[in-house]
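K.L.:
What follows is entry_26.csv, CSV, C-alpha atoms and all ligand atoms.
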chain,number,residue,atom,x,y,z
A,1,MET,CA,106.1,117.8,85.3
A,2,GLU,CA,107.8,116.4,82.3
A,3,ASN,CA,106.9,112.8,81.7
A,4,THR,CA,108.6,112.5,78.3
A,5,ARG,CA,112.2,112.4,79.4
A,6,SER,CA,113.8,109.1,78.9
A,7,ALA,CA,115.5,107.2,81.8
A,8,THR,CA,118.8,107.8,80.1
A,9,ASP,CA,118.2,111.6,80.1
A,10,ILE,CA,117.3,111.5,83.7
A,11,PHE,CA,120.4,109.6,84.7
A,12,ARG,CA,122.6,111.6,82.4
A,13,LEU,CA,121.7,114.7,84.5
A,14,LEU,CA,123.6,113.1,87.4
A,15,ALA,CA,126.8,112.3,85.4
A,16,ASP,CA,128.4,115.5,86.8
A,17,ASP,CA,130.4,115.9,90.1
A,18,THR,CA,128.9,119.4,90.8
A,19,ARG,CA,125.3,118.2,90.5
A,20,VAL,CA,126.0,115.2,92.8
A,21,SER,CA,127.6,117.5,95.3
A,22,ILE,CA,124.6,119.8,95.1
A,23,LEU,CA,122.3,117.0,96.0
A,24,ARG,CA,124.6,115.9,98.9
A,25,ALA,CA,125.0,119.5,100.1
A,26,ILE,CA,121.2,120.0,100.2
A,27,ALA,CA,120.7,116.8,102.2
A,28,VAL,CA,123.5,117.7,104.6
A,29,ALA,CA,122.3,121.3,105.0
A,30,GLN,CA,118.7,120.1,105.6
A,31,HIS,CA,120.0,117.7,108.2
A,32,GLU,CA,121.8,120.5,110.0
A,33,LEU,CA,119.0,123.0,109.7
A,34,GLU,CA,116.0,120.8,110.5
A,35,GLU,CA,114.4,121.2,113.9
A,36,VAL,CA,112.3,118.5,115.4
A,37,GLY,CA,108.8,118.7,114.0
A,38,SER,CA,109.7,120.9,111.0
A,39,GLY,CA,109.3,119.8,107.5
A,40,ALA,CA,112.1,119.5,105.0
A,41,ALA,CA,114.0,122.8,104.9
A,42,GLU,CA,114.2,124.8,101.7
A,43,LEU,CA,117.6,126.2,100.9
A,44,ALA,CA,118.2,129.6,99.4
A,45,PHE,CA,120.6,129.9,96.5
A,46,SER,CA,123.2,131.6,98.7
A,47,GLU,CA,123.1,128.7,101.2
A,48,ILE,CA,123.7,126.1,98.5
A,49,TYR,CA,126.5,128.3,97.1
A,50,GLU,CA,128.2,128.2,100.5
A,51,HIS,CA,128.2,124.4,100.6
A,52,VAL,CA,129.1,123.5,97.1
A,53,ASP,CA,132.6,123.8,95.5
A,54,VAL,CA,131.7,125.6,92.2
A,55,GLU,CA,133.5,128.3,90.3
A,56,ASN,CA,130.9,131.0,90.3
A,57,THR,CA,127.2,131.7,90.8
A,58,SER,CA,126.3,131.4,87.2
A,59,LYS,CA,127.7,127.8,87.1
A,60,LEU,CA,125.7,127.0,90.2
A,61,SER,CA,122.6,128.6,88.7
A,62,TYR,CA,123.0,126.5,85.5
A,63,HIS,CA,123.4,123.2,87.4
A,64,LEU,CA,120.4,124.0,89.7
A,65,GLY,CA,118.4,124.7,86.6
A,66,GLU,CA,119.3,121.3,85.2
A,67,LEU,CA,118.4,119.4,88.4
A,68,THR,CA,115.1,121.3,89.0
A,69,GLY,CA,112.0,119.5,87.9
A,70,ILE,CA,113.5,116.0,88.3
A,71,TYR,CA,115.8,116.0,91.4
A,72,LEU,CA,114.9,119.3,93.0
A,73,GLN,CA,111.9,121.5,93.3
A,74,LYS,CA,112.0,125.2,93.5
A,75,SER,CA,109.6,127.5,95.4
A,76,ASN,CA,109.8,131.0,96.8
A,77,GLY,CA,111.6,129.7,99.9
A,78,GLY,CA,114.3,128.1,97.8
A,79,TYR,CA,115.3,124.6,96.7
A,80,SER,CA,114.4,121.2,98.2
A,81,LEU,CA,114.7,117.6,97.1
A,82,SER,CA,112.0,116.0,95.0
A,83,HIS,CA,110.9,112.4,95.4
A,84,ALA,CA,113.6,111.3,92.9
A,85,GLY,CA,116.1,113.6,94.5
A,86,GLU,CA,115.4,112.0,97.9
A,87,ARG,CA,115.7,108.5,96.6
A,88,ILE,CA,118.9,109.2,94.8
A,89,VAL,CA,120.6,111.2,97.5
A,90,ARG,CA,119.8,108.7,100.3
A,91,PHE,CA,121.0,105.9,98.0
A,92,ILE,CA,124.3,107.8,97.5
A,93,LEU,CA,124.8,108.8,101.1
A,94,SER,CA,124.0,105.3,102.5
A,95,GLY,CA,126.5,103.7,100.0
A,96,ASN,CA,123.8,101.2,99.0
A,97,TYR,CA,125.4,100.7,95.6
A,98,GLU,CA,128.4,99.0,97.3
A,99,GLN,CA,128.8,95.3,97.8
A,100,PRO,CA,127.6,94.3,101.3
A,101,SER,CA,130.2,92.7,103.4
A,102,SER,CA,129.8,88.9,103.7
A,103,PHE,CA,127.7,87.2,106.4
A,104,GLY,CA,127.4,83.6,107.4
A,105,PRO,CA,126.9,80.8,107.0
A,106,GLU,CA,125.4,81.1,110.5
A,107,PRO,CA,123.1,78.5,112.1
A,108,VAL,CA,119.7,79.9,112.9
A,109,ASP,CA,116.8,78.7,114.9
A,110,GLY,CA,113.8,77.2,113.2
A,111,VAL,CA,112.6,74.2,111.3
A,112,CYS,CA,112.9,73.5,107.5
A,113,VAL,CA,109.4,73.8,105.9
A,114,PHE,CA,110.2,70.9,103.5
A,115,CYS,CA,111.8,68.3,105.7
A,116,GLY,CA,111.1,69.4,109.3
A,117,GLU,CA,114.8,69.3,110.3
A,118,GLU,CA,116.3,71.9,112.6
A,119,ALA,CA,119.2,72.5,110.3
A,120,LEU,CA,118.8,76.0,109.0
A,121,GLU,CA,121.8,78.2,108.0
A,122,ALA,CA,121.7,81.8,107.1
A,123,LYS,CA,124.1,83.6,104.7
A,124,LEU,CA,124.4,86.3,102.2
A,125,SER,CA,124.3,85.1,98.6
A,126,HIS,CA,124.4,87.5,95.7
A,127,GLN,CA,123.3,90.4,97.9
A,128,PHE,CA,120.3,88.4,99.1
A,129,PHE,CA,119.8,87.2,102.7
A,130,ARG,CA,118.9,83.5,102.4
A,131,ILE,CA,118.3,80.6,104.6
A,132,ASP,CA,119.1,77.1,103.4
A,133,CYS,CA,118.4,73.7,105.0
A,134,THR,CA,121.6,71.8,105.3
A,135,ALA,CA,119.6,68.5,105.7
A,136,CYS,CA,117.6,68.6,102.5
A,137,GLU,CA,119.7,71.3,100.8
A,138,GLN,CA,116.7,73.4,99.8
A,139,GLN,CA,116.4,77.2,100.1
A,140,VAL,CA,113.7,78.0,102.7
A,141,THR,CA,113.7,81.7,102.5
A,142,GLY,CA,115.4,84.6,100.7
A,143,GLN,CA,115.0,88.3,100.8
A,144,PRO,CA,116.7,91.4,99.6
A,145,ILE,CA,119.0,93.1,102.0
A,146,SER,CA,120.8,96.5,101.6
A,147,PRO,CA,124.5,97.0,102.1
A,148,ALA,CA,123.9,99.6,104.8
A,149,GLN,CA,121.7,97.1,106.6
A,150,VAL,CA,124.7,94.8,106.8
A,151,ARG,CA,127.4,97.4,107.3
A,152,THR,CA,125.9,99.0,110.4
A,153,ARG,CA,125.1,95.8,112.3
A,154,ASP,CA,126.6,92.8,114.0
A,155,ASP,CA,125.3,89.3,113.1
A,156,GLU,CA,122.7,89.2,115.8
A,157,SER,CA,121.2,92.6,115.0
A,158,LEU,CA,121.4,91.9,111.3
A,159,LEU,CA,119.2,88.8,111.8
A,160,GLN,CA,116.8,90.9,113.8
A,161,SER,CA,116.6,93.5,111.1
A,162,VAL,CA,115.8,90.9,108.5
A,163,LYS,CA,112.9,89.8,110.6
A,164,VAL,CA,111.7,93.4,111.1
A,165,ARG,CA,111.8,94.1,107.4
A,166,SER,CA,110.1,90.9,106.4
A,167,ALA,CA,107.3,91.6,108.8
A,168,GLU,CA,107.0,95.2,107.6
A,169,ASP,CA,107.0,94.2,104.0
A,170,ALA,CA,104.5,91.4,104.6
A,171,ARG,CA,102.1,93.9,106.3
A,172,GLN,CA,102.3,96.3,103.4
A,173,ILE,CA,101.8,93.5,100.9
A,174,GLN,CA,98.8,92.2,102.8
A,175,ARG,CA,97.3,95.7,102.5
A,176,GLY,CA,97.9,95.7,98.8
A,177,MET,CA,100.8,98.1,98.7
A,178,CYS,CA,104.1,97.4,97.0
A,179,PRO,CA,106.9,97.9,99.6
A,180,GLU,CA,109.3,98.7,96.7
A,181,CYS,CA,107.5,101.6,95.0
A,182,GLY,CA,104.2,102.1,96.8
A,183,ALA,CA,102.0,101.2,93.9
A,184,HIS,CA,98.8,99.2,94.2
A,185,LEU,CA,99.3,95.4,94.0
A,186,SER,CA,97.1,93.0,92.1
A,187,VAL,CA,96.5,90.0,94.2
A,188,ASP,CA,95.5,86.4,93.3
A,189,VAL,CA,95.1,83.2,95.3
A,190,ILE,CA,96.4,80.2,93.4
A,191,ALA,CA,96.0,76.5,94.2
A,192,VAL,CA,99.3,74.7,94.0
A,193,PRO,CA,98.5,71.1,94.6
A,194,GLU,CA,102.0,70.0,93.4
A,195,SER,CA,103.7,72.4,95.7
A,196,PRO,CA,106.7,71.1,97.6
A,197,LEU,CA,105.2,72.9,100.7
A,198,PRO,CA,103.3,70.9,103.3
A,199,ASP,CA,99.8,69.8,102.4
A,200,ALA,CA,98.5,71.9,105.2
A,201,ASP,CA,98.5,74.9,102.9
A,202,PRO,CA,98.0,74.2,99.2
A,203,PHE,CA,97.4,77.9,98.3
A,204,VAL,CA,99.8,80.6,97.3
A,205,VAL,CA,99.0,84.3,97.3
A,206,THR,CA,100.7,86.2,94.5
A,207,SER,CA,100.8,89.9,94.7
A,208,SER,CA,102.2,91.6,91.6
A,209,CYS,CA,103.2,95.2,91.0
A,210,LYS,CA,102.3,96.3,87.5
A,211,GLU,CA,104.5,99.4,88.0
A,212,CYS,CA,107.9,98.3,89.2
A,213,LEU,CA,107.2,94.6,88.2
A,214,ARG,CA,108.1,93.1,91.6
A,215,GLU,CA,106.2,90.0,92.5
A,216,TYR,CA,105.6,88.7,96.0
A,217,ASN,CA,104.5,85.1,96.8
A,218,SER,CA,103.5,83.7,100.1
A,219,PRO,CA,101.7,80.7,101.4
A,220,LEU,CA,98.1,81.7,102.1
A,221,THR,CA,98.6,81.0,105.9
A,222,TYR,CA,101.5,83.3,106.1
A,223,SER,CA,99.7,86.1,104.3
A,224,VAL,CA,97.4,86.6,107.4
A,225,VAL,CA,100.0,86.3,110.1
A,226,TYR,CA,100.3,90.1,110.5
A,227,HIS,CA,96.6,90.7,110.4
A,228,PRO,CA,95.5,92.4,113.6
A,229,ALA,CA,93.3,89.4,114.6
A,230,SER,CA,96.4,87.1,114.4
A,231,ILE,CA,98.7,89.6,116.0
A,232,ALA,CA,96.3,90.0,119.0
A,233,PHE,CA,95.6,86.2,119.2
A,234,HIS,CA,99.3,85.4,119.4
A,235,TRP,CA,100.1,88.4,121.6
A,236,ASP,CA,97.5,87.1,124.2
A,237,ARG,CA,99.5,83.9,124.2
A,238,GLY,CA,102.9,85.5,124.8
A,239,VAL,CA,104.0,85.5,121.1
A,240,ASP,CA,104.9,88.7,119.3
A,241,VAL,CA,104.5,87.6,115.6
A,242,THR,CA,105.7,91.0,114.4
A,243,ALA,CA,109.2,90.2,115.7
A,244,ARG,CA,109.3,86.9,113.9
A,245,GLY,CA,110.9,86.2,110.6
A,246,LEU,CA,108.8,84.2,108.1
A,247,TRP,CA,111.1,81.2,108.4
A,248,GLU,CA,110.1,81.0,112.1
A,249,PHE,CA,106.6,80.1,111.0
A,250,HIS,CA,107.7,77.0,109.0
A,251,GLU,CA,107.3,74.7,112.0
A,252,HIS,CA,103.6,75.6,112.3
A,253,LEU,CA,103.0,74.8,108.7
A,254,TYR,CA,105.2,71.7,108.7
A,255,GLU,CA,103.4,70.3,111.7
A,256,GLY,CA,100.0,71.2,110.3
A,257,ARG,CA,99.0,73.6,113.1
A,258,TRP,CA,98.5,76.3,110.5
A,259,THR,CA,96.2,75.3,107.7
A,260,SER,CA,94.2,76.7,104.8
A,261,GLU,CA,91.2,75.5,102.9
A,262,GLN,CA,88.9,76.7,100.2
A,263,LYS,CA,85.4,76.9,101.7
A,264,SER,CA,83.4,78.0,98.6
A,265,SER,CA,83.9,79.1,95.0
A,266,ASP,CA,82.2,81.7,92.9
A,267,PRO,CA,82.8,83.8,94.8
A,268,ASP,CA,85.9,82.1,96.3
A,269,GLU,CA,86.2,82.0,100.0
A,270,TYR,CA,89.1,80.6,101.9
A,271,GLU,CA,89.6,79.8,105.6
A,272,VAL,CA,93.0,80.0,107.3
A,273,VAL,CA,93.3,78.5,110.8
A,274,LEU,CA,96.2,79.4,113.0
A,275,ARG,CA,96.3,77.1,116.0
A,276,HIS,CA,98.2,77.7,119.2
A,277,GLY,CA,98.0,75.3,122.1
A,278,GLU,CA,94.3,74.4,122.5
A,279,ASP,CA,93.0,77.5,120.8
A,280,ALA,CA,92.8,78.9,117.3
A,281,VAL,CA,92.0,81.9,115.3
A,282,ARG,CA,90.2,81.5,112.0
A,283,LEU,CA,90.4,84.1,109.3
A,284,TYR,CA,88.1,84.1,106.2
A,285,LEU,CA,89.5,85.5,103.0
A,286,ASP,CA,88.0,86.5,99.6
A,287,SER,CA,89.5,85.9,96.2
A,288,THR,CA,91.9,88.8,96.6
A,289,ALA,CA,93.2,87.3,100.0
A,290,THR,CA,91.5,90.1,101.9
A,291,VAL,CA,90.4,89.1,105.3
A,292,VAL,CA,86.6,89.6,105.5
A,293,ARG,CA,85.9,88.0,108.9
A,294,THR,CA,87.7,86.4,111.8
A,295,GLU,CA,86.8,84.4,114.8
A,296,ARG,CA,88.6,82.8,117.8
A,297,VAL,CA,88.0,79.2,118.8
A,298,ARG,CA,88.7,77.7,122.1
A,299,GLY,CA,89.7,74.0,122.6
A,300,GLU,CA,90.3,73.3,118.9
A,301,SER,CA,92.9,70.6,119.6
A,302,GLY,CA,92.7,67.2,118.0
A,303,GLU,CA,92.0,68.6,114.6
A,304,PHE,CA,95.7,68.9,113.7
A,305,ARG,CA,96.5,67.6,110.3
A,306,HIS,CA,99.9,66.1,110.0
A,307,SER,CA,101.5,66.1,106.6
B,1,ZN,ZN,115.1,70.6,104.9
B,2,ZN,ZN,106.2,98.2,92.9
Could you write out this structure as structure tokens?
Ligand SMILES: [Zn+2]
Ligand SMILES: [Zn+2]

P.N.:
Amino acid sequence: MENTRSATDIFRLLADDTRVSILRAIAVAQHELEEVGSGAAELAFSEIYEHVDVENTSKLSYHLGELTGIYLQKSNGGYSLSHAGERIVRFILSGNYEQPSSFGPEPVDGVCVFCGEEALEAKLSHQFFRIDCTACEQQVTGQPISPAQVRTRDDESLLQSVKVRSAEDARQIQRGMCPECGAHLSVDVIAVPESPLPDADPFVVTSSCKECLREYNSPLTYSVVYHPASIAFHWDRGVDVTARGLWEFHEHLYEGRWTSEQKSSDPDEYEVVLRHGEDAVRLYLDSTATVVRTERVRGESGEFRHS
């Protein structure tokens, strides 16, 4: 593996129609060849030659040589896509470099985390899916969305897909994995007493990726929603939290049913309580927001804190 090539060199390799069609042709041919349960097919030189419009075999051989090592890997069985080749060819095929078509503003269910009004509206803004409160005019949530995600869905199913992705991302983040690049995340719990969020949860979990530089922030309470103890607790009460978008948790935080508290320091320990009806699940977290212990409590009502 060559690690010394600059990003410019790597992208320059793709500034050629034949090479882009080679990558496409390999993806298409693999798609046609693959049988259920088989791994990615390797394509022989002759198979690629059949699928690519190129003058002669020596030209193809030259271009394959240029792509191999970065976008392709070569073995005795033939050529297949490397990690970078996969990422690039899926990006090209899905058209995810295009502008997504517009969406919204559409009213959505839920409560504003800042003012408690049921006045949420979703729309696409600069290629982000965002939800704003029309009562207090604050943004309550925003998340990246891909053009293919928008293009292949109607409004209802788009909204569902945003929930699915936010739940999946949150689960990976909670396990210390960057959803963008897969690298390990460094996690901190920070007290934000001046936060505009309800007093019920004065802590924010920041998870940062030192590799791709993405940063993810979440109220401490939300960071445990997709923990198995919470999923099971809510499931037993008829609620599938894995099908909910983060903005659908705002009412619990706003109304003080979900709370967080620092129980001890040095080492730091936090307690998150998620209440539902008369019952609650308590999750105890260490300084890296890892859940170390959980318990269920029956008849916890009367302890609600209203902000
Ligand atoms: Zn509001
Ligand atoms: Zn990353």

K.L.:
Write out as a list in words each polymer residue whose atoms come within 6 Å of region 271-285 of chain A, counting only C-alpha atoms; drop sequence neighbours fewer than 3 positions from it.

P.N.:
Thr221, Arg257, Trp258, Thr259, Ser260, Glu261, Ala289, Thr290, Val291, Val292, Arg293, Thr294, Glu295, Arg296, Val297, Arg298, Gly299, Glu300 and Ser301 of chain A

K.L.:
Point out the residue among A:Ala25, A:Ala170, A:Ala135, A:Leu124 with the least atom-to-atom distance to Gln149 (chain A), counting only C-alpha atoms.

P.N.:
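Once distances to Gln149 (chain A) are computed over only C-alpha atoms, the minimum belongs to A:Leu124.
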
K.L.:
Could you tell me which of A:Gly78, A:Gly85, A:Gly256, A:Gly238 comes closest to Ala200 (chain A) if we count all atoms listed in the file?

P.N.:
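Smallest separation from Ala200 (chain A) among the options: A:Gly256.
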
K.L.:
Collect all residues with atoms no farther than 12 Å from ligand ZN 1 (chain B), counting only C-alpha atoms and all ligand atoms, and output them as a CSV table (one decimal) with C-alpha atoms, in the frame of the given file.

P.N.:
chain,number,residue,atom,x,y,z
A,110,GLY,CA,113.8,77.2,113.2
A,111,VAL,CA,112.6,74.2,111.3
A,112,CYS,CA,112.9,73.5,107.5
A,113,VAL,CA,109.4,73.8,105.9
A,114,PHE,CA,110.2,70.9,103.5
A,115,CYS,CA,111.8,68.3,105.7
A,116,GLY,CA,111.1,69.4,109.3
A,117,GLU,CA,114.8,69.3,110.3
A,118,GLU,CA,116.3,71.9,112.6
A,119,ALA,CA,119.2,72.5,110.3
A,120,LEU,CA,118.8,76.0,109.0
A,121,GLU,CA,121.8,78.2,108.0
A,131,ILE,CA,118.3,80.6,104.6
A,132,ASP,CA,119.1,77.1,103.4
A,133,CYS,CA,118.4,73.7,105.0
A,134,THR,CA,121.6,71.8,105.3
A,135,ALA,CA,119.6,68.5,105.7
A,136,CYS,CA,117.6,68.6,102.5
A,137,GLU,CA,119.7,71.3,100.8
A,138,GLN,CA,116.7,73.4,99.8
A,139,GLN,CA,116.4,77.2,100.1
A,140,VAL,CA,113.7,78.0,102.7
A,141,THR,CA,113.7,81.7,102.5
A,196,PRO,CA,106.7,71.1,97.6
A,197,LEU,CA,105.2,72.9,100.7
A,198,PRO,CA,103.3,70.9,103.3
A,247,TRP,CA,111.1,81.2,108.4
A,250,HIS,CA,107.7,77.0,109.0
A,251,GLU,CA,107.3,74.7,112.0
A,254,TYR,CA,105.2,71.7,108.7

K.L.:
Under the rule of at most 12 Å, produce a per-residue listing of region 87-153 of chain A near region 65-74 of chain A: chain, number, name, the closest pair of atoms, and the distance in Å, as CSV, using all atoms listed in the file.

P.N.:
residue,atom,partner,partner_atom,distance
A:Arg87,CA,A:Tyr71,CA,9.1
A:Ile88,CA,A:Tyr71,CA,8.2
A:Val89,CA,A:Tyr71,CA,9.1

K.L.:
For Pro193 (chain A), find every residue with an atom within 9 Å (counting all atoms listed in the file), except residues of its own chain fewer than 3 positions away, and show them as a VMD selection string.

P.N.:
chain A and resid 196 199 202 to 203

K.L.:
Taking all atoms listed in the file into account, which residues have an atom no farther than 9 Å from ligand ZN 2 (chain B)? I'd like them as an MDAnalysis selection string.

P.N.:
chainID A and resid 177:185 208:215

K.L.:
Keeping only C-alpha atoms, take the residues you just selected and write them out as a compact mmCIF listing (two decimals), in the coordinates of the input.

P.N.:
# COMPACT_ATOMS: atom_id res chain seq x y z
CA MET A 177 100.80 98.10 98.70
CA CYS A 178 104.10 97.40 97.00
CA PRO A 179 106.90 97.90 99.60
CA GLU A 180 109.30 98.70 96.70
CA CYS A 181 107.50 101.60 95.00
CA GLY A 182 104.20 102.10 96.80
CA ALA A 183 102.00 101.20 93.90
CA HIS A 184 98.80 99.20 94.20
CA LEU A 185 99.30 95.40 94.00
CA SER A 208 102.20 91.60 91.60
CA CYS A 209 103.20 95.20 91.00
CA LYS A 210 102.30 96.30 87.50
CA GLU A 211 104.50 99.40 88.00
CA CYS A 212 107.90 98.30 89.20
CA LEU A 213 107.20 94.60 88.20
CA ARG A 214 108.10 93.10 91.60
CA GLU A 215 106.20 90.00 92.50

K.L.:
Ranking A:Arg171, A:His252, A:Arg165, A:Lys263 by minimum distance to Val224 (chain A) and counting only C-alpha atoms, which one comes first?

P.N.:
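That would be A:Arg171, the residue with the smallest distance to Val224 (chain A).
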
K.L.:
Restricting the calculation to all atoms listed in the file, which member of A:Ile48, A:Pro107, A:Val187, A:Gly95 is positioned closest to Pro147 (chain A)?

P.N.:
A:Gly95

K.L.:
Please determine, counting all atoms listed in the file, which residue among A:Ser75, A:Ser101, A:Gln174, A:Thr206 has the shortest atom-to-atom distance to Leu158 (chain A).

P.N.:
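For Leu158 (chain A), the nearest of the given residues is A:Ser101.
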
K.L.:
Which is closer to Val150 (chain A) than all the others in A:Ser82, A:Gln99, A:Gln262, A:Ser186, using only C-alpha atoms?

P.N.:
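Selected residue with least distance to Val150 (chain A): A:Gln99.
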
K.L.:
Which value, in Å to one decimal, gives the distance between CA of Thr242 (chain A) and CA of Ser218 (chain A)?

P.N.:
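Rounded to one decimal, the two atoms are 16.2 Å apart.
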
K.L.:
Can you pull out every residue within 9 Å of Asp53 (chain A), counting all atoms listed in the file, but drop anything in the same chain fewer than 3 positions away, and send it as a ChimeraX atom specification?

P.N.:
/A:18,21-22,49-50

K.L.:
Expressed in Å to a single decimal, how great is the separation between CA of Ser166 (chain A) and CA of His31 (chain A)?

P.N.:
28.6 Å

K.L.:
Between CA of Val54 (chain A) and CA of Thr8 (chain A), what is the distance in Å, rounded to a tenth?

P.N.:
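Result for CA of Val54 (chain A) versus CA of Thr8 (chain A): 25.1 Å, one decimal.
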
K.L.:
When you look at Gln143 (chain A) with a cut-off of 9 Å (counting all atoms listed in the file), what residues show up, excluding the ones that are within fewer than 4 positions of it in the same chain? I need them as a PyMOL selection string.

P.N.:
chain A and resi 128-130+162+166

K.L.:
Quick one: what's the axis-aligned box for region 80-96 of chain A, all listed atoms, 3 Å on every side, centre and edges in Å to one decimal, as AutoDock Vina command-line options?

P.N.:
--center_x 118.7 --center_y 111.2 --center_z 97.7 --size_x 21.6 --size_y 26.0 --size_z 15.6
